[in-house]
Amino acid sequence: MQTFSRIRLGPAASWLRDHDPELAATRRAGRTAVVMPALFALCSQVIGSPTMATFAAFGSFSMLLLVDFTGPMVQRLRAHLGLAVAWAALICLGTLVADETWLAVAVMVVIGFLVLFSGVVSSVLAGASTALLLAFVLPVTSPVPFSDLPDRLAGTGLAAAASMLAITFLWPRPAADPLAAPAAQVCRAAAGQLRTDASLLAGGPGAPSTGQCRATADKASAAAADLRTVFDATPYRPTGLSTSSRATVRLVDELTWLSGILADSAPSPDGHPACDADAQTVRRSAAAVLDEAAALLDAPHGSPDGLRSASECLRTAMADMERNATARLPVHRGGAGTPSQVHPVIGALDLSFRAQELGFATLQIAGNVDRAAAAERRSWFERVLGGEPGAAATPLTSARERAAAHLRPQSVWLHNSLRGAVGLGIAVALANVTGVQHSFWVLLGTLSVLRSNALNTGQNAVRALGGTVAGSIVGTVLLQLIGHHGTVLWFLLPLAVLLAGIAPAAISFAAGQASFTITLVIMFNIGQDPDWHIVLLRIQDIAIGCAVSVLVGLFFWPRGATAAVDRALAEAYRESAQYLAVAVEYAVGRCGTEPVSADAALQERFEAAAAARRLDDAFRSYLAERGPKPVPLAEMTTLVTGIVGLRLAADAVLGLWQRAGASQPEPDRAGARLVLLGAVGRVSGWYRDLAAVLGQDTPVRDPLPRNPVAEAELVESLRRDLSDEHGQATDTAVRIIWTADHLDAARRLQPSLAAAAGAGVGKPS
């Protein structure tokens with residue numbers, strides 16, 4: 001890659017790389033441009049079967065251009081083989097029912113719903129939905145005697161065989177996720193910074209200088225910036241929505257989050273090494289975890305034992321640091337001076353808390369990397385059924401439960417599936433009733449522009465018609481220029497297919513429709529005298545399909561996946577803010593002498609986790625929605641990942657006080673309780689306000705500033721009872737201060753979330 005990047009690209013190649021990052025669309029289009037015309041020529045000119053030619057051409061078009069399966073090559077070949085078997089079954093069914101209009105319409109609705117709704121089960125099925133629908137649309141819109149079925153299946157078989165050879169030998173898709181390598185680099189750079197900071201805290205003759213610490217910090221920041229740049233430039237297609245890919249997408253924001261914590265937790269030059277032995281251990285343990293995470297990102301099919309062992313060591317180090325924290329509390333130290341020195345109690349615990357925060361973030365990253373790698377190690381059967389890594393239930397049971405969860409009126413996936421199925425059924429009925437020639441293109445027009453909300457459907461209908469008209473004009477001009485030299489069309493066909501594959505991703509939806517129309521004009525005129533009248537038929541066919549899609553889109557639930565994400569985000573932020581508030585209320589209750597139950601906090605944790613799972617489903621639906629996204633993926637992912645940080649703060653508070661011993665008779669801490677309750681009220685209130693504006697055209701509240709006055713009140717309220725009768729600092733005092741720190745960590749998330757929401761997330765869709 002480094003050698004290639006140094007090659008000076010021409011203007012055309014540079015433009016293509018700018019508009020098609022990773023050349024994903026170009027790769028698919030290039031394969032199709034080679035295979036599709038070759039099969040069309042073989043079947044029509046050599047074998048002499050127009051039926052075989054049609055199904056071989058559109059079969060290869062579907063299997064090479066409309067899908068791009070991920071994973072190891074063996075997994076991809078199995079997925080293509082499964083797609084070929086499904087094509088054969090659907091062709092048989094479509095041929096069987098095509099003669100009876102009512103039966104064709106009914107079966108089209110059922111098949112359309114099953115194919116579209118099955119995408120909720122797994123990313124494999126979601127990515128293959130258009131290709132599967134095409135397998136049924138093609139035969140059901142072209143009735144023929146059942147004796148023609150063998151030719152149809154033979155053409156499909158040729159397409160499947162050629163497609164499997166093409167994905168293996170013609171520019172194979174990279175197996176590695178494009179984000180994995182830069183994410184691994186961030187992990188290694190962050191590990192280097194953690195070790196350097198720990199060495200500075202330890203002191204001694206071999207301690208690094210301030211300049212060395214700054215250099216490692218700059219290296220970690222640069223790696224994080226590079227990762228973000230790659231992420232922003234990486235296209236996100238429906239076929240990339242695997243469990244592993246979604247985990248890697250979230251990893252980007254988690255590593256960005258870790259980089260921010262590293263910047264905030266960098267030790268001062270003096271380091272106070274004598275007070276932070278446990279913090280040094282936690283930093284080194286976190287560095288070991290990040291190194292193991294980087295190794296697993298580089299080789300996801302390797303063993304996860306090293307990462308899991310390092311994570312367990314980090315948990316042990318964090319528990320030891322928490323247990324020993326009171327020994328470092330400066331009970332007798334006075335306080336005055338700059339804001340960082342006003343409260344020596346907070347200052348003394350700050351490095352250990354920062355280490356704890358780093359540990360929590362590192363464990364979150366490790367869990368995500370482990371999950372992504374486990375998803376890559378799944379079998380083909382588990383991938384097809386969307387089996388979750390580490391789930392206790394069998395893949396079939398999980399798939400059934402996931403599908404059942406979306407059989408409810410609020411499910412956008414259910415709305416989309418019903419709307420798409422009814423739209424295709426109406427299109428079949430219209431095509432048969434009106435007797436439109438080549439009614440297949442009516443169905444294709446419906447399928448190509450139907451989106452998950454009425455506004456997008458209308459916009460894409462206009463683009464589709466505009467592109468079709470433009471393509472028809474170009475096709476007419478070509479036919480006029482060619483005249484009776486029909487052989488020229490064979491040379492133009494590969495170029496037209498190549499352009500039809502690249503244009504939707506690199507130029508626009510309308511350009512893709514225009515290129516596709518030109519391809520159809522060429523195909524329908526090969527082997528006969530070029531006839532420009534075909535372009536008028538194409539405009540008529542596509543216009544009917546577009547009209548059907550707009551009608552159905554307006555009729556069925558005109559709110560789309562963007563609105564569903566807004567609602568799910570709002571719910572998740574409300575539930576997570578409530579969880580944080582209840583966790584702090586539990587902490588405040590533990591400050592007294594009466595026993596307090598954690599049941600309410602545990603119930604809120606369950607509700608927050610359930611809301612986060614619903615958000616993940618909505619986010620996946622949003623990513624699977626075809627067409628342009630109203631908000632860049634980076635901003636949307638920031639908000640989705642913010643839920644993780646908010647819940648992590650609540651989890652940390654709850655766990656901190658659950659691990660506390662039995663309550664002992666201690667001085668009243670009413671002042672400290674009031675400060676904590678006031679702080680959590682402000683922080684959770686901000687997140688509730690954020691939830692309220694998502695989906696509304698309302699400005700986001702400014703992030704909360706740091707509150708040194710509240711910090712002073714907290715320490716002052718604890719000053720009289722920071723130590724017990726033996727002069728030892730109390731566990732309760734330390735836990736109160738750390739609870740306040742966790743609330744401050746939730747506050748520090750707000751600027752990035754406010755910026756993401758202000759960038760367009762949550763505006764009406």
# chains A, B, ... in the order shown; residues from 1 in each chain; ligands from 1
call {"tool": "residues_around", "arguments": {"residues": "A:Arg574", "least_positions_apart": "6", "cutoff": "7 Å", "atoms": "only C-alpha atoms", "output": "PyMOL selection string"}}
result
chain A and resi 687-688+691
call {"tool": "residues_around", "arguments": {"residues": "stretch 640-655 of chain A", "least_positions_apart": "3", "cutoff": "9 Å", "atoms": "only C-alpha atoms", "output": "JSON, numbers by chain"}}
result
{"A": [250, 251, 253, 254, 257, 360, 361, 364, 569, 572, 573, 576, 577, 579, 580, 581, 582, 583, 584, 586, 587, 598, 601, 602, 605, 608, 609, 612, 615, 616, 619, 635, 636, 637, 658, 659, 660, 735, 738, 739, 742, 743, 745, 746, 749, 750, 752, 753]}
call {"tool": "closest_residue", "arguments": {"among": "A:Ala506, A:Thr638, A:Gly82, A:Leu489", "to": "A:Gly475", "atoms": "only C-alpha atoms"}}
result
A:Leu489
call {"tool": "residues_around", "arguments": {"residues": "A:Asp264", "least_positions_apart": "3", "cutoff": "12 Å", "atoms": "only C-alpha atoms", "output": "list of chain:residue names"}}
result
A:Ala217, A:Trp257, A:Leu258, A:Ser259, A:Gly260, A:Ile261, A:Pro267, A:Ser268, A:Asp350, A:Leu351, A:Phe353, A:Arg354, A:Ala355, A:Glu357, A:Leu358, A:Ala745, A:Arg748
call {"tool": "write_last_selection", "arguments": {"atoms": "N, CA and C atoms", "output": "mmCIF file, in the first residue's frame"}}
result
data_model
loop_
_atom_site.group_PDB
_atom_site.id
_atom_site.type_symbol
_atom_site.label_atom_id
_atom_site.label_comp_id
_atom_site.auth_asym_id
_atom_site.auth_seq_id
_atom_site.Cartn_x
_atom_site.Cartn_y
_atom_site.Cartn_z
ATOM 1 N N ALA A 217 2.692 11.255 23.361
ATOM 2 C CA ALA A 217 1.313 11.759 23.348
ATOM 3 C C ALA A 217 0.944 12.277 21.969
ATOM 4 N N TRP A 257 -12.495 8.458 22.129
ATOM 5 C CA TRP A 257 -12.805 8.725 23.541
ATOM 6 C C TRP A 257 -11.585 8.429 24.410
ATOM 7 N N LEU A 258 -10.931 7.294 24.181
ATOM 8 C CA LEU A 258 -9.736 6.945 24.942
ATOM 9 C C LEU A 258 -8.644 7.992 24.741
ATOM 10 N N SER A 259 -8.492 8.478 23.521
ATOM 11 C CA SER A 259 -7.467 9.492 23.258
ATOM 12 C C SER A 259 -7.742 10.762 24.052
ATOM 13 N N GLY A 260 -9.016 11.124 24.172
ATOM 14 C CA GLY A 260 -9.362 12.291 24.977
ATOM 15 C C GLY A 260 -9.047 12.086 26.445
ATOM 16 N N ILE A 261 -9.316 10.892 26.955
ATOM 17 C CA ILE A 261 -8.995 10.595 28.357
ATOM 18 C C ILE A 261 -7.490 10.625 28.571
ATOM 19 N N PRO A 267 0.147 12.892 33.232
ATOM 20 C CA PRO A 267 0.669 13.349 34.528
ATOM 21 C C PRO A 267 1.467 14.639 34.396
ATOM 22 N N SER A 268 1.470 15.390 35.468
ATOM 23 C CA SER A 268 2.298 16.591 35.503
ATOM 24 C C SER A 268 3.763 16.190 35.600
ATOM 25 N N ASP A 350 -6.953 12.224 41.991
ATOM 26 C CA ASP A 350 -7.221 12.471 40.581
ATOM 27 C C ASP A 350 -6.481 11.491 39.678
ATOM 28 N N LEU A 351 -5.183 11.272 39.926
ATOM 29 C CA LEU A 351 -4.419 10.368 39.068
ATOM 30 C C LEU A 351 -4.952 8.943 39.153
ATOM 31 N N PHE A 353 -8.049 8.147 39.904
ATOM 32 C CA PHE A 353 -9.336 8.111 39.205
ATOM 33 C C PHE A 353 -9.131 8.106 37.692
ATOM 34 N N ARG A 354 -8.184 8.949 37.217
ATOM 35 C CA ARG A 354 -7.913 8.960 35.781
ATOM 36 C C ARG A 354 -7.462 7.578 35.320
ATOM 37 N N ALA A 355 -6.657 6.914 36.136
ATOM 38 C CA ALA A 355 -6.234 5.559 35.788
ATOM 39 C C ALA A 355 -7.434 4.619 35.752
ATOM 40 N N GLU A 357 -10.526 5.521 35.088
ATOM 41 C CA GLU A 357 -11.276 5.888 33.897
ATOM 42 C C GLU A 357 -10.627 5.283 32.647
ATOM 43 N N LEU A 358 -9.293 5.362 32.578
ATOM 44 C CA LEU A 358 -8.571 4.733 31.467
ATOM 45 C C LEU A 358 -8.830 3.229 31.436
ATOM 46 N N ALA A 745 -16.998 12.875 34.491
ATOM 47 C CA ALA A 745 -16.671 12.185 33.238
ATOM 48 C C ALA A 745 -17.871 12.192 32.291
ATOM 49 N N ARG A 748 -18.047 15.567 30.754
ATOM 50 C CA ARG A 748 -17.038 15.833 29.738
ATOM 51 C C ARG A 748 -17.400 15.223 28.376
#
